[in-house]
Amino acid sequence: MIRLLYWAYLATRSIALAFVIAGALCPAGRAEAKATAFALIVTNNHAGALGRPDLQYADDDGARYYELFAGLAPAAHLTLLTELDHDTSRLFPALVPIVQAPSRAHVAAAARSIAAEVAAAQRAGDRVELYFVFAGHGDVDHGRGFLQLSDGAFDADDLEALVRQIHADHTHVILDSCNSFFVANPRKPGGRRFATPADAGAGLAQRVANVGVFVSTSAEAEVFEWSALQSGVFSHAVRSGLAGAADADHDGVISYDELRAFVDTASAEIKNSTFRPKVYARGPGGDDHAALVTMAHRPRLELAAARPLRLTIRDRDEVPWIDVHQEAGAPLSLQLPAAAASVDELDDHDAIARHALRPGATSLADLAPAGPPPASRAGDAPFRGLFARPFGPHALAQYDAERASEPPPVFGIARDDASRLAQLLDTADAAQAEVRRISAGEQIAIGAGEIGVALLGDFSTETRGELIGLAVGLGALGVYRYVHRPDSERLRDALVHGLATSRDPARVVAEIDGKLHAAAHDAHKARMYQRWGGVILMAFAGGAYAANQLTDHRISHGDTVFNPLIATSAAIGALSFFTSLAETPLERTAELWDHEPSLAGAPRLVVAPVAGGAALSLVGRL
């Protein structure tokens, strides 16, 4: 028995020793799977059936996204679907042999290939991060967003199928197109014209828990590009942030929250809200602090200055790759692209010094002075506020505090929507005023008629006084209705005032949308009350008259005022009933606003910034 206990003791000690050794080799359970990244980058300059002007720099954005992710993944894990134009081919000659057209067939083939590689990596024990990036045109059709590929639409269902097919551990969707929000968060046909973050509950990131989305939500007809950047404004800001400029806490990880704050801060000083990127971000599982990118181990530029520092990283062809406006005292590491050649230091928006990058240099002090930086371009005025605000931990904290105190943002409303709503409300206000005045005039006329009957009829003084009092009350009510303008007739004024004073015009349109529907609902209820009230009055008048006749005038006792009262009740009841059969202007306006057909392909005015001003054009199908 003692020997048996001794052997049990030795076995227990051996097992414990094994656990100790395992703990030493894998301390605190930190044996993590190796992270492996894949990226599918799709960009398309052409508008296809949308009938809009082609973009100039979506192919450049694709090439630069490719170079960015080349620091995170091996070339074999990167797929670029685009069509490089002549100038972009000269800037990125190494990409010419590997790119394919951004067609539905090529996207499907790439998804199959990546899915097989991801499955193999996961079997080997790797943790896979997938990036799906799109830059180009997009739109909404019956509440469902889509991306425009070279040969057709790639919609919300296609995106979800791709994500499920590849089945990475985490998938990060980055979209730069009009109405990208509705690609990740489609709404039901016939639903509300706009959306808020609360509506994303049924979106892609909710249905597939390991998916995060970072999208541009502009509802305008065009993706805004800036020739000085040779890029889309949103895509350039995103790449700058992912290169390290958004790393507010300097931990080498760019979270969804950090990148959203960086892009919004970078564009906050663009004066025209039309040109200002608007971001929707949601991390996997709803965690906005989740990592979007963990910075790679590649050449970096370490920055730390007692004053705000604004820099632009350029390549040898003067193409800007990264912009950063570093907060005073905040350390920052920038992951440099392979093509980086110089660093321009800026004062406000003008470059004041240039530094040449050289191998091994890790700080500005290590860089050699270079030739003069390029002169600023006066024609780029619409975007000169870009990167005007410094970003760092204090800016991030202030941004998060402001977001927490403000109402939720609104997505899916464009300038065209605001203009059309203003036109509808202008017509509705005028029609309401006309209906109100006609109705008031009818009441005044009935009251005047009652006074005439009272004065000309054979009534006693007491009866005549009662009739005149009733008529005066009815006429006074009509006069009040004529001169009083209710709030439901002031919706257009409220919209115009709100658009002129609010930081977020889309939120103003959503607020007026709510007021319009509330007023239309109240108008419908009032119309129903009016209809049944008219029926009751007519029934009362008819019943009283019949009873009076059948009982040989015993109800009225020969009082001649009885018949005028019956006639007045019948007239008011009939008028109320028949006028209640027609929709009110508010109801009709709400119906027109809600059930407008899809605007995809419809003619629309487009304003695009150009040197010295803006170009106005009409695009679409007539």
# chains A, B, ... in the order shown; residues from 1 in each chain; ligands from 1
>>> select_by_dssp(residues="range 406-507 of chain A", states="alpha helix (DSSP H)", output="PyMOL selection string")
chain A and resi 415-456+461-483+491-501+505-507
>>> residues_around(residues="Gly469 in chain A", least_positions_apart="6", cutoff="12 Å", atoms="only C-alpha atoms", output="JSON list (two decimals) with C-alpha atoms, in the first residue's frame")
[["chain", "number", "residue", "atom", "x", "y", "z"],
["A", 447, "GLY", "CA", -71.14, 82.36, -39.86],
["A", 448, "ALA", "CA", -72.10, 85.35, -42.02],
["A", 450, "GLU", "CA", -76.21, 82.58, -39.94],
["A", 451, "ILE", "CA", -76.09, 86.29, -39.03],
["A", 454, "ALA", "CA", -80.88, 85.78, -37.70],
["A", 462, "GLU", "CA", -83.57, 85.96, -27.38],
["A", 463, "THR", "CA", -83.45, 83.47, -30.27],
["A", 475, "GLY", "CA", -66.80, 83.27, -37.79],
["A", 476, "ALA", "CA", -64.20, 84.01, -35.10]]
>>> atom_distance(atom1="CA of Leu229 in chain A", atom2="CA of Arg282 in chain A")
27.0 Å
>>> residues_around(residues="Met295 in chain A", least_positions_apart="3", cutoff="8 Å", atoms="only C-alpha atoms", output="ChimeraX atom specification")
/A:72,242-244,252-254,335
>>> select_by_dssp(residues="range 354-467 of chain A", states="strand (DSSP E or B)", output="list of chain:residue names")
A:Arg354, A:His355, A:Ala356, A:Ala368, A:Pro369, A:Phe391, A:Phe411
>>> residues_around(residues="Val213 in chain A", least_positions_apart="4", cutoff="9 Å", atoms="only C-alpha atoms", output="ChimeraX atom specification")
/A:171-175,184,204-205,256,280-284
>>> write_last_selection(atoms="C-alpha atoms", output="PDB file, in the first residue's frame")
ATOM      1  CA  THR A 171     -12.392  40.339 -41.941  1.00  0.00           C
ATOM      2  CA  HIS A 172     -11.934  44.088 -42.357  1.00  0.00           C
ATOM      3  CA  VAL A 173     -14.035  45.771 -45.047  1.00  0.00           C
ATOM      4  CA  ILE A 174     -12.845  49.210 -46.234  1.00  0.00           C
ATOM      5  CA  LEU A 175     -15.094  50.896 -48.816  1.00  0.00           C
ATOM      6  CA  ALA A 184     -22.547  46.962 -45.437  1.00  0.00           C
ATOM      7  CA  LEU A 204     -23.092  42.653 -42.330  1.00  0.00           C
ATOM      8  CA  ALA A 205     -20.986  43.277 -39.220  1.00  0.00           C
ATOM      9  CA  TYR A 256     -11.315  51.263 -35.620  1.00  0.00           C
ATOM     10  CA  TYR A 280     -19.023  54.840 -40.408  1.00  0.00           C
ATOM     11  CA  ALA A 281     -16.892  52.360 -38.466  1.00  0.00           C
ATOM     12  CA  ARG A 282     -17.773  49.239 -36.524  1.00  0.00           C
ATOM     13  CA  GLY A 283     -15.188  46.776 -35.274  1.00  0.00           C
ATOM     14  CA  PRO A 284     -15.649  43.001 -35.287  1.00  0.00           C
TER      15      PRO A 284
END
>>> residues_around(residues="Ala361 in chain A", least_positions_apart="4", cutoff="9 Å", atoms="only C-alpha atoms", output="ChimeraX atom specification")
/A:299-301,357,365-367
>>> closest_residue(among="A:Ala245, A:Leu259, A:Phe387, A:Trp532", to="Phe578 in chain A", atoms="only C-alpha atoms")
A:Trp532
>>> atom_distance(atom1="CA of Glu318 in chain A", atom2="CA of Asn272 in chain A")
27.0 Å
>>> closest_residue(among="A:Glu466, A:Glu434, A:Asp141, A:Asp264", to="Lys278 in chain A", atoms="only C-alpha atoms")
A:Asp264
>>> residues_around(residues="His106 in chain A", least_positions_apart="3", cutoff="12 Å", atoms="only C-alpha atoms", output="PyMOL selection string")
chain A and resi 40-42+79-82+99-103+109-114+149-151+154
>>> atom_distance(atom1="CA of Ser218 in chain A", atom2="CA of His137 in chain A")
11.3 Å
>>> closest_residue(among="A:Arg52, A:His236, A:Arg307, A:His250", to="Pro331 in chain A", atoms="only C-alpha atoms")
A:His250
>>> closest_residue(among="A:Asp315, A:Gln398, A:Gly371, A:Phe194", to="Phe262 in chain A", atoms="only C-alpha atoms")
A:Gln398
>>> closest_residue(among="A:Val483, A:Leu477, A:Leu292, A:Val453", to="Ala433 in chain A", atoms="only C-alpha atoms")
A:Val483
